Amino acid sequence: MTDRPTDLSSLPSYRAPRRSLFSARKFALMASVVAGLGVAGFGLSPAPHSFDVFSTPAHAQVDKQVKQVAQPTGFADIVERVKPSVISVRVNIAEKVAKDDSANKSDDDSPFQPGSPMERFFKRFGGPDGMPPGMRGGPRGGRGQVTGQGSGFFISADGFAVTNNHVVDGADKVEVTTDDGKVYKAKVIGTDARTDVALIKVEGGSNFPFAKLSDSKPRIGDWVLAVGNPFGLGGTVTAGIVSASGRDIGNGPYDDFIQIDAPVNKGNSGGPAFDTSGEVMGVNTAIYSPSGGSVGIAFSIPASTVKTVIAQLKDKGSVSRGWIGVQIQPVTADIADSLGLKKAEGALVAEPQANGPAAKAGIESGDVITSVNGETVKDARELARTIGALAPGAAVKLNVLHKGKDTVVNLTLGQLPNSVEAKADNDNNSDKGSAKRGTDVPKLGLTLAPADTVAGAGKDGVVVTEVDPNSAAAERGFKEGDVILEVAGKNVTSAGDVRQAIDAARTDNKNSVLMRVKSGGSSRFVAVPLAKG
């Protein structure tokens with residue numbers, strides 16, 4: 001008996017075959033997807049006939065699922081929506097301005113001088129020489145006009161836009177180019193060097209596409225899209241993830257950068273970093289770049305910071321910050337041990353500023369500020385950011401560890417001065433040769449002399465006249481000419497006072513002793529490990 005092909009024409013779902021639609025590979029993929037989805041009515045058979053598998057709605061749904069599996073979702077829809085809000089920013093500084101700046105500003109005044117940490121470690125987007133666009137050709141002797149180029153983005157339909165301070169700082173002329181190639185003039189409304197944020201107003205339009213600053217805090221691992229105008233090529237998009245948050249890059253006390261790994265290059269300064277909802281999570285401002293190119297470590301100003309700053313810039317063209325008038329430093333593990341703290345948290349007051357709000361409220365050197373208005377202060381940078389975000393004149397409640405006891409201090413914030421003047425008594429390194437040799441404190445590796453015996457050292461404390469280069473004190477940064485004012489919270493005037501304070505700390509089973517040290521015009525606390533025996 002011979003087998004014959006089954007007559008399928010009588011089946012309700014059968015249609016005469018037109019042609020084979022799939023290769024063997026595609027058909028196998030189709031089968032696996034169908035099996036995974038559990039689609040009924042689709043049977044695989046070794047019959048020698050080809051079937052039109054799209055003859056039913058169920059089969060059409062299978063095809064849709066296959067396409068979704070085979071083609072991963074991209075960022076095209078987001079980019080299409082947000083890219084028109086991004087602009088290229090070009091600035092010019094007149095030659096006279098550049099010459100005046102060069103004459104009046106020495107290299108010592110610039111954080112970007114050759115060999116400086118800012119130049120060596122952080123290359124700004126504006127140029128591979130480590131200089132921001134607005135400074136290129138200025139202090140280093142450029143000719144003609146100083147030009148720079150960066151990016152920005154609209155934040156309102158009437159032409160307000162955000163960019164970086166270092167892009168437009170000192171600009172004599174500002175022009176922007178929109179995504180559709182149109183060129184407009186713009187004026188600088190205000191800048192804030194401390195956060196590197198600037199607000200500009202584009203003239204000649206009233207219906208610009210704009211982006212929204214995000215209300216959410218990005219999480220590590222979130223997708224990010226960096227949009228800008230690197231190399232003047234026009235709008236360019238790169239993608240990556242948020243790789244870290246709360247980064248301090250040495251730019252100032254308010255550093256709180258988002259770190260992203262999207263490839264970001266020069267020309268992207270001031271450009272937005274978008275999240276996957278199309279909102280701006282940050283403003284690109286700096287990259288880590290030993291060579292001048294992108295190595296996948298870029299830093300963005302958080303949207304929350306940008307919101308606060310541009311609100312003040314739009315209102316009055318400048319930013320006012322709260323101020324309590326203290327010189328602060330981090331609480332290290334050694335310092336925490338010296339103070340009897342369980343955790344290395346809070347901000348240690350190295351010195352309150354004379355007549356500042358903190359000094360008037362009774363805060364002293366050695367106090368640790370642990371919270372502001374009930375919010376815990378993790379470190380010195382967080383205190384600076386928290387106070388700086390408050391308005392001058394605001395009333396605040398500080399929790400302070402004062403002489404080992406928790407106390408509450410209420411004060412009214414002052415306004416942060418534009419510059420902090422150095423103290424007048426910063427010449428205590430002069431004429432040290434007239435001092436007597438001093439008394440050795442071998443367990444510290446220091447030789448000390450009373451301050452009143454050393455010319456220019458003042459009357460308080462003991463002067464370091466010699467440092468053993470192999471000692472723990474040398475490792476902690478002590479140098480000749482430093483003045484030790486306190487040891488373990490007690491004023492000292494001789495080497496004997498220092499020894500007694502160290503012996504008392506050792507009796508209390510302390511692993512280190514805390515010293516307040518004046519170096520130049522400022523003071524700091526240093527925890528020095530105690531040698532056993």
# chains A, B, ... in the order shown; residues from 1 in each chain; ligands from 1
>>> select_by_dssp(residues="segment 206-403 of chain A", states="strand (DSSP E or B)", output="MDAnalysis selection string")
chainID A and resid 213 223:228 236:247 257:260 272:274 280:288 298:302 322:323 326:330 347:352 368:372 375:376 395:402
>>> residues_around(residues="Lys173 of chain A", least_positions_apart="5", cutoff="10 Å", atoms="only C-alpha atoms", output="list in words")
Arg90, Val91, Asn92, Ile93, Ala94, Thr147, Val168, Lys185, Ala186, Lys187 and Val188 of chain A
>>> atom_distance(atom1="atom CA of Ser300 of chain A", atom2="atom CA of Trp323 of chain A")
25.1 Å
>>> closest_residue(among="A:Leu530, A:Ile310, A:Ala211, A:Val176", to="Thr507 of chain A", atoms="only C-alpha atoms")
A:Leu530
>>> closest_residue(among="A:Glu364, A:Asp215, A:Asp180, A:Glu203", to="Gly325 of chain A", atoms="only C-alpha atoms")
A:Glu364
>>> residues_around(residues="Val237 of chain A", least_positions_apart="3", cutoff="9 Å", atoms="only C-alpha atoms", output="compact mmCIF listing (two decimals) with N, CA, C and O atoms, in the first residue's frame")
# COMPACT_ATOMS: atom_id res chain seq x y z
N VAL A 79 15.58 60.27 21.39
CA VAL A 79 16.47 61.24 20.75
C VAL A 79 15.69 62.16 19.82
O VAL A 79 15.90 63.38 19.80
N LYS A 83 16.31 65.96 21.04
CA LYS A 83 17.45 66.57 20.34
C LYS A 83 17.19 68.01 19.88
O LYS A 83 18.11 68.84 19.92
N LEU A 225 21.73 59.42 28.23
CA LEU A 225 22.05 59.86 26.87
C LEU A 225 22.68 61.24 26.95
O LEU A 225 22.06 62.18 27.45
N ALA A 226 23.92 61.36 26.49
CA ALA A 226 24.62 62.65 26.46
C ALA A 226 24.47 63.26 25.08
O ALA A 226 24.84 62.64 24.08
N VAL A 227 23.89 64.46 25.02
CA VAL A 227 23.66 65.13 23.74
C VAL A 227 24.42 66.44 23.74
O VAL A 227 24.38 67.20 24.70
N GLY A 228 25.13 66.71 22.65
CA GLY A 228 25.89 67.95 22.56
C GLY A 228 26.39 68.19 21.16
O GLY A 228 25.88 67.63 20.19
N ASN A 229 27.43 69.01 21.08
CA ASN A 229 27.97 69.40 19.77
C ASN A 229 29.49 69.28 19.78
O ASN A 229 30.19 70.27 19.66
>>> residues_around(residues="segment 511-517 of chain A", least_positions_apart="4", cutoff="6 Å", atoms="only C-alpha atoms", output="VMD selection string")
chain A and resid 338 483 to 488 523 to 530
>>> write_last_selection(atoms="N, CA and C atoms", output="short mmCIF file (atom, residue, chain, number, x, y, z; two decimals), in the first residue's frame")
data_model
loop_
_atom_site.label_atom_id
_atom_site.label_comp_id
_atom_site.auth_asym_id
_atom_site.auth_seq_id
_atom_site.Cartn_x
_atom_site.Cartn_y
_atom_site.Cartn_z
N SER A 338 39.91 59.66 68.19
CA SER A 338 40.42 60.64 69.14
C SER A 338 39.31 61.35 69.89
N VAL A 483 52.44 75.49 63.65
CA VAL A 483 52.24 75.83 65.07
C VAL A 483 51.16 74.92 65.64
N ILE A 484 51.52 74.14 66.66
CA ILE A 484 50.54 73.29 67.34
C ILE A 484 49.89 74.12 68.44
N LEU A 485 48.56 74.29 68.33
CA LEU A 485 47.83 75.12 69.28
C LEU A 485 47.20 74.30 70.40
N GLU A 486 46.68 73.11 70.04
CA GLU A 486 46.02 72.26 71.03
C GLU A 486 46.42 70.81 70.82
N VAL A 487 46.44 70.07 71.92
CA VAL A 487 46.63 68.62 71.87
C VAL A 487 45.57 68.00 72.76
N ALA A 488 44.75 67.12 72.20
CA ALA A 488 43.66 66.47 72.93
C ALA A 488 42.74 67.49 73.59
N SER A 523 43.94 76.90 60.01
CA SER A 523 44.21 75.83 60.97
C SER A 523 43.44 74.58 60.58
N ARG A 524 43.90 73.45 61.09
CA ARG A 524 43.26 72.17 60.79
C ARG A 524 43.53 71.24 61.97
N PHE A 525 42.76 70.16 62.04
CA PHE A 525 42.99 69.14 63.05
C PHE A 525 43.70 67.96 62.40
N VAL A 526 44.65 67.40 63.12
CA VAL A 526 45.41 66.26 62.64
C VAL A 526 45.42 65.19 63.73
N ALA A 527 45.02 63.97 63.38
CA ALA A 527 45.07 62.85 64.31
C ALA A 527 46.38 62.11 64.11
N VAL A 528 47.23 62.12 65.13
CA VAL A 528 48.54 61.49 65.04
C VAL A 528 48.53 60.18 65.82
N PRO A 529 48.86 59.04 65.18
CA PRO A 529 48.88 57.76 65.90
C PRO A 529 49.88 57.78 67.03
N LEU A 530 49.53 57.12 68.12
CA LEU A 530 50.42 57.06 69.28
C LEU A 530 51.25 55.79 69.23
#
>>> select_by_dssp(residues="segment 351-485 of chain A", states="alpha helix (DSSP H)", output="list in words")
Pro357, Ala358, Ala359, Lys360, Ala380, Arg381, Glu382, Leu383, Ala384, Arg385, Thr386, Ile387, Gly388, Ala472, Ala473, Ala474 and Glu475 of chain A
>>> atom_distance(atom1="atom CA of Val82 of chain A", atom2="atom CA of Thr178 of chain A")
12.3 Å
>>> atom_distance(atom1="atom CA of Thr407 of chain A", atom2="atom CA of Ile328 of chain A")
18.1 Å
>>> closest_residue(among="A:Pro330, A:Gly278, A:Gly221, A:Gly270", to="Ile87 of chain A", atoms="only C-alpha atoms")
A:Gly270
>>> residues_around(residues="Val400 of chain A", least_positions_apart="6", cutoff="9 Å", atoms="only C-alpha atoms", output="JSON, numbers by chain")
{"A": [363, 367, 368, 369, 370, 371, 406, 407, 408, 409]}
>>> write_last_selection(atoms="C-alpha atoms", output="short mmCIF file (atom, residue, chain, number, x, y, z; two decimals), in the first residue's frame")
data_model
loop_
_atom_site.label_atom_id
_atom_site.label_comp_id
_atom_site.auth_asym_id
_atom_site.auth_seq_id
_atom_site.Cartn_x
_atom_site.Cartn_y
_atom_site.Cartn_z
CA ILE A 363 30.57 77.05 68.17
CA ASP A 367 33.18 70.87 67.66
CA VAL A 368 31.60 68.37 65.28
CA ILE A 369 28.42 69.41 63.45
CA THR A 370 26.35 66.25 63.07
CA SER A 371 23.01 67.47 61.64
CA ASP A 406 25.54 66.59 72.19
CA THR A 407 24.15 70.12 72.11
CA VAL A 408 21.69 72.05 69.93
CA VAL A 409 22.74 75.40 68.49
#
>>> residues_around(residues="Ser243 of chain A", least_positions_apart="5", cutoff="9 Å", atoms="only C-alpha atoms", output="PyMOL selection string")
chain A and resi 219-222+258-261+297
